[in-house]
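Below is one structure, written out as structure tokens; comments come after it.
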Amino acid sequence: MRYVSVYILAVASLLAFATHDPLSAEIEPGAAVKADACAGDTTKLGVSRIVEIDTAGGGDIGGDKSGAKQFLNDGEVVLTFDDGPLKSVTGPILKALADQCTKATFFMVGQMALANPDMVKEVAAGGNTVGTHTWSHKNIRAISFEKAKQEIEAAVSTVSKANGAPAAPLFRFPYLNATKQTEAYLKSRNIGAVWIDVDSKDYRTRSPKVVEQNILSQLAKQKKGIILMHDIHPWTAAQLPDLLKELHDRGYKVVHLVPKSQVDTIASYDAAAEKALAAKAAAKAANPMVARSIVWPMATAPGTGNANASAAAPRRKSPSRYKRVATKPSLIDGVVEDSRPVKIPASKYRKGAKPKDEDVTSPWSIFN
């Protein structure tokens, strides 16, 4: 009987290996990823599992995207932040994560990384994963394929150069809007598209409590998920300490995503990104007030042949059919709680005819 049991266990192990999802593999904290000193503190949320993502051949990762590779068990969450970095918001978010000894994945906008290169480094130094989110947060469905490629590559190079190391080959589509062409392009570049299960909808309110309840109510129904938040909203940073504590108290476990390999950048975009970062540093040295700019005033992506376009170019009105937040991020540290909803002209998704290319030069147009 003992031999039969051993045989059954051996067969089960082989079957498990045969059906193993090649997308990801669990690795132990302290191996490829350095474990924090607080890792064993059960009073903190911490990191339960670290999942190494293999993006060879690209593909869709997690979320509610049809056919995407799934890796979460019930009770597990992935923390993600889009649209930053913005020092006055990303900084407090990093502190909240560190206080709970946990990690997140940040999908950075290229223009924001150019404006805040030190914050890019700080995010990475905290053991968080740094992915990309296009150069200027353009709706991919609203621009040509060529412009979409420029948006992708300019962000990859700028974020990588700002960080001083290649970004993770993980990408999130602005507004969660993709096209077949751009999905195929990411696959050709061995970049994975990361989707979501839980939308904080922090762009619809200024209330930290509403943001927290949005997340917890969706998790109560779905039991698990990749959570979308934005590190450009002060109220998102304000609610994070309470959210992380509540996740801990309710028994949720954080899964941290790390890439198996780094993204391969394109030399021409790298050169343009280095030039832009050097110009930003020189301007900051000449005028310290430049450091307070939310975005570096260069609307055109590096490497597109028009990187020196002035932010003073005529501003064209953006079509109202796309979601637009009615407020601008604040330069002032701290949070003014306001439960009034932010007015949004239309829903996140719009079906119908493909709109024409749009070239919005206002720096505020990049925010979700």
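Letters for chains follow the order of the structure tokens (A, B, ...), residue numbers begin at 1 for each chain, and ligand numbers begin at 1 in the order shown.
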Requested in this report: Check segment 133-287 of chain A with DSSP on the backbone and list each residue it calls strand (DSSP E or B), as number ranges by chain.
Outcome: A: 170-171, 192-194, 198-199, 205-206, 225-230, 253-259
Next, dump the selected residues to file, keeping only C-alpha atoms, as a tab-separated table (two decimals), in the first residue's frame.
```tsv
chain	number	residue	atom	x	y	z
A	170	LEU	CA	5.02	44.89	-18.86
A	171	PHE	CA	2.59	47.35	-20.42
A	192	GLY	CA	3.16	41.52	-21.94
A	193	ALA	CA	-0.09	43.47	-21.62
A	194	VAL	CA	-1.35	43.50	-18.02
A	198	VAL	CA	-10.74	45.62	-9.88
A	199	ASP	CA	-11.07	49.27	-10.90
A	205	THR	CA	-14.18	60.92	-6.92
A	206	ARG	CA	-12.01	62.98	-4.62
A	225	GLY	CA	-7.83	40.38	-8.59
A	226	ILE	CA	-5.38	42.83	-10.11
A	227	ILE	CA	-6.28	46.22	-8.63
A	228	LEU	CA	-6.03	49.41	-10.70
A	229	MET	CA	-5.20	52.69	-8.94
A	230	HIS	CA	-3.57	55.92	-10.15
A	253	LYS	CA	-2.52	38.17	0.26
A	254	VAL	CA	-0.39	40.30	-2.06
A	255	VAL	CA	1.20	38.71	-5.10
A	256	HIS	CA	4.09	40.69	-6.54
A	257	LEU	CA	4.90	40.55	-10.26
A	258	VAL	CA	8.50	40.57	-11.46
A	259	PRO	CA	9.74	40.09	-15.03
```
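Residue-level DSSP output for segment 167-212 of chain A, from the backbone, shows alpha helix (DSSP H) at Lys180, Gln181, Thr182, Glu183, Ala184, Tyr185, Leu186, Lys187, Ser188, Pro208, Lys209, Val210, Val211 and Glu212 of chain A.
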Dump as a CSV table (one decimal), in the first residue's frame, selection limited to C-alpha atoms:
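What follows is the written file out.csv:
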```
chain,number,residue,atom,x,y,z
A,180,LYS,CA,-5.2,44.0,-32.8
A,181,GLN,CA,-2.3,45.7,-34.4
A,182,THR,CA,-0.9,47.1,-31.2
A,183,GLU,CA,-1.4,43.8,-29.4
A,184,ALA,CA,0.5,42.0,-32.2
A,185,TYR,CA,3.2,44.7,-31.9
A,186,LEU,CA,3.7,44.1,-28.2
A,187,LYS,CA,4.0,40.4,-28.9
A,188,SER,CA,6.7,41.0,-31.5
A,208,PRO,CA,-10.4,58.5,-0.2
A,209,LYS,CA,-13.1,56.5,1.5
A,210,VAL,CA,-15.0,56.1,-1.7
A,211,VAL,CA,-11.9,54.8,-3.5
A,212,GLU,CA,-11.3,52.3,-0.7
```
Query raised in the report: Between A:Leu244, A:Ile191, A:Ala165, A:Ala285, which one has atoms that come closest to Lys95 of chain A, using only C-alpha atoms?
Result: A:Leu244
Query raised in the report: Which residue gives the smallest distance to Ile61 of chain A among A:Pro288, A:Pro169, A:Pro302, A:Gly127, with only C-alpha atoms counted?
Result: A:Pro169
Counting only C-alpha atoms, what is within 9 Å of Leu240 of chain A, bar same-chain residues fewer than 2 positions away, as a PDB file with C-alpha atoms, in the first residue's frame?
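The resulting file, result-v6.pdb, is shown below:
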```pdb
ATOM      1  CA  PRO A  92       3.261  58.886   0.011  1.00  0.00           C
ATOM      2  CA  ILE A  93       2.194  55.762  -1.865  1.00  0.00           C
ATOM      3  CA  ALA A  96       2.408  53.327   2.616  1.00  0.00           C
ATOM      4  CA  LEU A  97       3.686  50.278   0.732  1.00  0.00           C
ATOM      5  CA  PRO A 208     -10.357  58.532  -0.151  1.00  0.00           C
ATOM      6  CA  GLU A 212     -11.294  52.315  -0.692  1.00  0.00           C
ATOM      7  CA  TRP A 235      -6.998  60.925  -2.513  1.00  0.00           C
ATOM      8  CA  THR A 236      -5.641  57.636  -3.805  1.00  0.00           C
ATOM      9  CA  ALA A 237      -2.508  58.082  -1.727  1.00  0.00           C
ATOM     10  CA  ALA A 238      -4.610  59.160   1.265  1.00  0.00           C
ATOM     11  CA  ASP A 242      -6.289  52.172   5.380  1.00  0.00           C
ATOM     12  CA  LEU A 243      -6.795  49.978   2.321  1.00  0.00           C
ATOM     13  CA  LEU A 244      -3.622  47.968   2.955  1.00  0.00           C
ATOM     14  CA  LYS A 245      -4.537  47.485   6.607  1.00  0.00           C
TER      15      LYS A 245
END
```
Just want the 8 Å neighbourhood of Glu153 of chain A, counted on only C-alpha atoms, with same-chain residues fewer than 3 positions away dropped. Output as a short mmCIF file (atom, residue, chain, number, x, y, z; two decimals) with N, CA and C atoms, in the first residue's frame.
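Saved file around-v2.cif follows:
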```cif
data_model
loop_
_atom_site.label_atom_id
_atom_site.label_comp_id
_atom_site.auth_asym_id
_atom_site.auth_seq_id
_atom_site.Cartn_x
_atom_site.Cartn_y
_atom_site.Cartn_z
N THR A 134 2.55 54.07 -22.14
CA THR A 134 2.66 54.98 -23.28
C THR A 134 3.37 56.28 -22.90
N TRP A 135 3.72 57.04 -23.92
CA TRP A 135 4.43 58.29 -23.72
C TRP A 135 3.53 59.37 -23.14
N LYS A 149 2.91 53.03 -32.04
CA LYS A 149 4.24 52.46 -31.83
C LYS A 149 5.18 53.50 -31.20
N GLN A 150 5.09 54.74 -31.67
CA GLN A 150 5.91 55.80 -31.09
C GLN A 150 5.57 56.01 -29.63
N VAL A 156 8.93 53.36 -23.25
CA VAL A 156 9.87 52.32 -22.84
C VAL A 156 11.27 52.89 -22.67
N SER A 157 11.72 53.69 -23.64
CA SER A 157 13.07 54.24 -23.56
C SER A 157 13.20 55.30 -22.49
N THR A 265 15.28 47.88 -25.47
CA THR A 265 14.95 49.21 -25.98
C THR A 265 15.49 49.39 -27.39
N ILE A 266 15.04 50.44 -28.05
CA ILE A 266 15.46 50.75 -29.42
C ILE A 266 16.42 51.94 -29.38
N TYR A 269 15.33 55.65 -30.00
CA TYR A 269 14.50 56.20 -28.93
C TYR A 269 15.33 56.43 -27.66
#
```
Query raised in the report: How many Å separate atom CA of Pro174 of chain A from atom CA of Gly63 of chain A?
Result: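 These atoms are spaced 14.7 Å apart.
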Report summary line: Restricting to only C-alpha atoms, whichever of A:Gly131, A:Gly40, A:Gly58, A:Pro234 is closest to Leu86 of chain A is A:Pro234
Requested in this report: Considering only C-alpha atoms, state which residue in the set A:Ser136, A:Ser200, A:Thr158, A:Gln100 is at the smallest distance from Ala113 of chain A.
Outcome: A:Thr158
